[in-house]
Number of protein chains: 2
Amino acid sequence: MPKLGMEPIRRAALVDATIVEIGQAGTLDITVSQIAKRAGMSSALAHHYFGGKEDIFAAAMRHILSDLQKEAQGRLKTAETALARVRAIIDACFTPVGFDPVNVNAWMIFYVQSRTSVKARRLLRIYHRRLHSNLCHALRPISANPEADAETLAALIDGIYLHQALSETGSAANAAARAHGVLDALLGTAQ
Amino acid sequence: MPKLGMEPIRRAALVDATIVEIGQAGTLDITVSQIAKRAGMSSALAHHYFGGKEDIFAAAMRHILSDLQKEAQGRLKTAETALARVRAIIDACFTPVGFDPVNVNAWMIFYVQSRTSVKARRLLRIYHRRLHSNLCHALRPISANPEADAETLAALIDGIYLHQALSETGSAANAAARAHGVLDALLGTAQ
DNA sequence: TTTTTTATTGATCCGTCAGTCAATTTCCGG
DNA sequence: CCGGAAATTGACTGACGGATCAATAAAAAA
């Protein structure tokens, strides 16, 4: 039943399946067959549409990153003040969907993957730079050390994710509140 | 040349080799043969002294955790004030040796490993609880929300590690300074 | 000295998995 | 209606790695 124009559909299905599979397994040790099966196709087809396993992973990572980016961009649009912009960036990182254990898991795994895969590393670098730049820009009018505070917040966000990945308890709202709290503290004592 | 009493020596060598190997590779995808080779023995011997691959990993993790614990314990001994105790705990997490890329790498990998391995998970849980309890105890006299602040600091510490694992730049002193800065901010605005 | 225990390894089995390929089915343009 | 392109898969392979085991060597015990 080969319908035409299957490529984008198949690719999207594979990307989704990859994220779910990684998130559930909690490891990168998942087979192409598993992914393909969940996406409803043969492993050969997965290899057909992507070059290989690493390319599937990279595509999945790109997808997560781009979602996060879109989220942040959307929230930044409606933010008027500098403080609101910082909060918008933080909130974008802690949407309930992005904080879903499966996504958190996938996220952390990609982090580790970036140690091995050049593609993953490059993608993560880009994301980091963008996050840092966004934070810096938003912090500049209200922080005495925008650079340092941006890095602190970025580290904190990732750390909260990491804890979430391990504990599987705690809500997105809770996590966001914690980050906001630190932001308050940081701005309060800016010397 | 079988000398007697080799077991503890071999086990220690394997644990050390595992940490180095994981740290260098930046992934858990290392073979028992690699570890054994670095430790100067055959893979069969590694299997002989440990039950299997997972046990080797668990032992390596236990080793890292216990080092960290010892470090913290030692520093806590000489701390007089509550604030000094908190700082001691933070500093224990950022010793130059513990912040060595290889160790950071291994540490992060173990985090991920805890998603799959029950043993790893249990070990990490114990460590987390201990860290949290230590932080809480030290924070109680000086913080309005010891519980929350302890969790924030714990998350921050892990986040800084994560960033280090990715960037490979930045020093232990720098990282510690960042954590201390957040602590100051947190305590300064405690309401 | 003989036996048992500890140390040690090469060879090997077995399973898994990424990637390839040839074959098949369906669709579309000419 | 026909030939090529797209879609799709089952079967295969080549490699790798964890685990096992039988065999050897040396030290300790008997």
# chains A, B, ... in the order shown; residues from 1 in each chain; ligands from 1
>>> calpha_fit_and_write(fixed="chain A", moving="chain B", output="short mmCIF file (atom, residue, chain, number, x, y, z; two decimals) with C-alpha atoms, in the first residue's frame")
data_model
loop_
_atom_site.label_atom_id
_atom_site.label_comp_id
_atom_site.auth_asym_id
_atom_site.auth_seq_id
_atom_site.Cartn_x
_atom_site.Cartn_y
_atom_site.Cartn_z
CA MET B 1 -0.03 0.17 -0.57
CA PRO B 2 2.62 2.70 -1.24
CA LYS B 3 0.97 6.06 -1.06
CA LEU B 4 3.04 8.92 -2.31
CA GLY B 5 4.56 11.60 -0.14
CA MET B 6 5.09 9.27 2.76
CA GLU B 7 8.51 10.58 3.62
CA PRO B 8 7.62 13.48 5.93
CA ILE B 9 4.95 11.41 7.66
CA ARG B 10 7.31 8.52 8.23
CA ARG B 11 10.07 10.76 9.46
CA ALA B 12 7.77 12.50 11.91
CA ALA B 13 6.44 9.19 13.15
CA LEU B 14 9.96 7.92 13.69
CA VAL B 15 10.97 11.03 15.59
CA ASP B 16 7.96 10.80 17.87
CA ALA B 17 8.51 7.11 18.41
CA THR B 18 12.14 7.70 19.25
CA ILE B 19 11.33 10.21 21.96
CA VAL B 20 8.70 8.00 23.52
CA GLU B 21 10.91 4.95 23.34
CA ILE B 22 13.92 6.69 24.86
CA GLY B 23 11.77 8.28 27.51
CA GLN B 24 10.25 4.99 28.52
CA ALA B 25 13.43 2.98 28.41
CA GLY B 26 15.46 5.66 30.18
CA THR B 27 18.46 4.84 28.09
CA LEU B 28 19.89 5.16 24.61
CA ASP B 29 20.11 1.40 24.39
CA ILE B 30 17.06 1.08 22.25
CA THR B 31 17.10 -0.64 18.92
CA VAL B 32 16.11 0.75 15.59
CA SER B 33 13.64 -2.10 15.40
CA GLN B 34 11.92 -0.93 18.56
CA ILE B 35 11.58 2.58 17.21
CA ALA B 36 10.40 1.38 13.84
CA LYS B 37 7.91 -0.99 15.41
CA ARG B 38 6.41 1.75 17.55
CA ALA B 39 6.24 3.98 14.49
CA GLY B 40 4.46 1.20 12.63
CA MET B 41 7.01 0.24 10.04
CA SER B 42 9.93 -2.04 9.44
CA SER B 43 13.43 -1.25 10.62
CA ALA B 44 14.58 -1.30 7.03
CA LEU B 45 12.28 1.60 6.26
CA ALA B 46 13.67 3.56 9.15
CA HIS B 47 17.11 3.08 7.72
CA HIS B 48 15.78 4.08 4.34
CA TYR B 49 14.45 7.45 5.47
CA PHE B 50 17.26 8.24 7.85
CA GLY B 51 20.84 7.42 7.19
CA GLY B 52 21.25 5.43 10.37
CA LYS B 53 20.56 5.26 14.04
CA GLU B 54 22.52 8.37 14.92
CA ASP B 55 20.59 10.42 12.40
CA ILE B 56 17.33 9.32 13.94
CA PHE B 57 18.56 10.40 17.35
CA ALA B 58 19.75 13.72 15.99
CA ALA B 59 16.40 14.36 14.35
CA ALA B 60 14.58 13.58 17.58
CA MET B 61 16.83 15.92 19.47
CA ARG B 62 16.36 18.67 16.92
CA HIS B 63 12.63 18.21 17.34
CA ILE B 64 12.71 18.61 21.10
CA LEU B 65 15.01 21.59 20.85
CA SER B 66 12.85 23.29 18.27
CA ASP B 67 9.74 22.75 20.37
CA LEU B 68 11.43 24.37 23.29
CA GLN B 69 12.59 27.22 21.14
CA LYS B 70 9.12 27.80 19.79
CA GLU B 71 7.71 27.75 23.30
CA ALA B 72 10.18 30.36 24.47
CA GLN B 73 9.68 32.53 21.41
CA GLY B 74 5.93 32.51 21.86
CA ARG B 75 6.11 33.46 25.49
CA LEU B 76 8.65 36.19 24.85
CA LYS B 77 6.27 37.84 22.40
CA THR B 78 3.79 38.77 25.11
CA ALA B 79 6.33 39.80 27.72
CA GLU B 80 6.51 43.53 28.25
CA THR B 81 9.09 44.13 30.96
CA ALA B 82 12.59 42.75 31.26
CA LEU B 83 11.67 40.76 34.33
CA ALA B 84 8.70 39.31 32.52
CA ARG B 85 11.00 38.22 29.71
CA VAL B 86 13.26 36.35 32.09
CA ARG B 87 10.28 34.69 33.69
CA ALA B 88 8.94 33.79 30.28
CA ILE B 89 12.16 32.02 29.40
CA ILE B 90 12.11 30.10 32.65
CA ASP B 91 8.47 29.16 32.23
CA ALA B 92 9.13 27.97 28.71
CA CYS B 93 11.56 25.44 30.15
CA PHE B 94 9.02 24.08 32.58
CA THR B 95 5.85 23.54 30.65
CA PRO B 96 3.97 20.51 31.93
CA VAL B 97 4.51 18.70 28.66
CA GLY B 98 8.21 19.42 28.61
CA PHE B 99 8.43 18.29 32.19
CA ASP B 100 6.76 14.99 31.49
CA PRO B 101 9.03 12.20 32.74
CA VAL B 102 9.35 10.83 29.25
CA ASN B 103 10.58 14.13 27.86
CA VAL B 104 12.84 14.83 30.79
CA ASN B 105 14.34 11.43 30.34
CA ALA B 106 14.91 11.91 26.65
CA TRP B 107 16.38 15.31 27.33
CA MET B 108 18.92 14.00 29.81
CA ILE B 109 19.85 11.13 27.57
CA PHE B 110 20.51 13.52 24.74
CA TYR B 111 22.79 15.42 27.02
CA VAL B 112 24.86 12.35 27.50
CA GLN B 113 24.63 11.49 23.83
CA SER B 114 26.24 14.82 23.06
CA ARG B 115 29.45 13.47 24.50
CA THR B 116 29.68 10.92 21.76
CA SER B 117 27.82 12.25 18.78
CA VAL B 118 29.10 15.31 16.99
CA LYS B 119 25.66 16.06 15.66
CA ALA B 120 24.09 15.93 19.07
CA ARG B 121 26.85 18.06 20.47
CA ARG B 122 26.41 20.72 17.83
CA LEU B 123 22.67 20.87 18.38
CA LEU B 124 23.01 21.19 22.12
CA ARG B 125 25.65 23.87 21.74
CA ILE B 126 23.33 25.92 19.56
CA TYR B 127 20.52 25.56 22.05
CA HIS B 128 22.76 26.56 24.93
CA ARG B 129 24.07 29.58 23.18
CA ARG B 130 20.57 30.67 22.30
CA LEU B 131 19.31 30.19 25.83
CA HIS B 132 22.25 32.05 27.26
CA SER B 133 21.86 34.88 24.81
CA ASN B 134 18.15 35.14 25.51
CA LEU B 135 18.68 35.16 29.25
CA CYS B 136 21.49 37.67 29.02
CA HIS B 137 19.49 40.00 26.91
CA ALA B 138 16.53 39.87 29.23
CA LEU B 139 18.66 40.22 32.34
CA ARG B 140 20.80 43.10 31.18
CA PRO B 141 18.45 45.88 32.31
CA ILE B 142 17.77 44.36 35.71
CA SER B 143 20.86 42.49 36.76
CA ALA B 144 24.23 43.75 37.88
CA ASN B 145 25.92 40.67 36.40
CA PRO B 146 23.76 39.51 33.51
CA GLU B 147 26.40 37.09 32.22
CA ALA B 148 26.93 35.34 35.52
CA ASP B 149 23.26 35.29 36.42
CA ALA B 150 22.35 33.87 33.05
CA GLU B 151 24.78 31.02 33.49
CA THR B 152 23.59 30.37 37.00
CA LEU B 153 19.99 30.22 35.87
CA ALA B 154 20.85 27.97 32.94
CA ALA B 155 22.71 25.60 35.23
CA LEU B 156 19.87 25.65 37.71
CA ILE B 157 17.31 24.82 35.07
CA ASP B 158 19.30 21.85 33.89
CA GLY B 159 19.92 20.75 37.45
CA ILE B 160 16.23 20.79 38.23
CA TYR B 161 15.63 18.70 35.13
CA LEU B 162 18.25 16.25 36.25
CA HIS B 163 16.68 15.89 39.66
CA GLN B 164 13.34 15.39 38.05
CA ALA B 165 14.76 12.69 35.84
CA LEU B 166 15.94 10.85 38.90
CA SER B 167 13.13 11.40 41.34
CA GLU B 168 10.11 11.27 39.07
CA THR B 169 8.26 13.32 41.67
CA GLY B 170 7.51 17.02 41.63
CA SER B 171 5.54 19.07 39.20
CA ALA B 172 6.44 21.52 36.51
CA ALA B 173 4.86 24.32 38.51
CA ASN B 174 6.95 23.40 41.48
CA ALA B 175 10.12 23.38 39.44
CA ALA B 176 9.31 26.71 37.85
CA ALA B 177 8.60 28.18 41.26
CA ARG B 178 12.01 27.09 42.48
CA ALA B 179 13.73 28.70 39.53
CA HIS B 180 11.74 31.91 39.98
CA GLY B 181 12.69 31.94 43.63
CA VAL B 182 16.37 31.83 42.79
CA LEU B 183 15.87 34.57 40.25
CA ASP B 184 14.29 36.74 42.92
CA ALA B 185 17.13 36.04 45.30
CA LEU B 186 19.69 36.75 42.62
CA LEU B 187 18.16 40.06 41.68
CA GLY B 188 17.57 41.04 45.27
CA THR B 189 21.20 40.88 46.23
CA ALA B 190 22.71 42.10 43.03
CA GLN B 191 25.48 44.40 44.10
#
>>> interface_residues(of="chain D", to="chain B", cutoff="9 Å", atoms="only C-alpha atoms (C1' of nucleotides)", output="list in words")
DG17, DG18, DA19, DT20, DA25, DA26 and DA27 of chain D
>>> residues_around(residues="DA28 in chain D", least_positions_apart="5", cutoff="10 Å", atoms="only C-alpha atoms (C1' of nucleotides)", output="PyMOL selection string")
(chain B and resi 4) or (chain C and resi 4-6)
>>> closest_atom_pairs(of="chain C", to="chain A", cutoff="9 Å", atoms="only C-alpha atoms (C1' of nucleotides)", output="Markdown table")
| residue | atom | partner | partner_atom | distance |
| --- | --- | --- | --- | --- |
| C:DC17 | C1' | A:Thr31 | CA | 7.1 |
| C:DA18 | C1' | A:Lys53 | CA | 7.8 |
| C:DG19 | C1' | A:His47 | CA | 7.6 |
| C:DT20 | C1' | A:Ala44 | CA | 8.9 |
| C:DT25 | C1' | A:Met1 | CA | 6.8 |
| C:DT26 | C1' | A:Pro2 | CA | 5.5 |
| C:DC27 | C1' | A:Lys3 | CA | 7.3 |
>>> select_by_dssp(residues="range 13-190 of chain A", states="alpha helix (DSSP H)", output="PyMOL selection string")
chain A and resi 13-25+32-38+43-49+53-77+82-93+101-113+118-139+146-167+172-188
>>> atom_distance(atom1="C1' of DG15 in chain C", atom2="C1' of DT24 in chain D")
29.3 Å
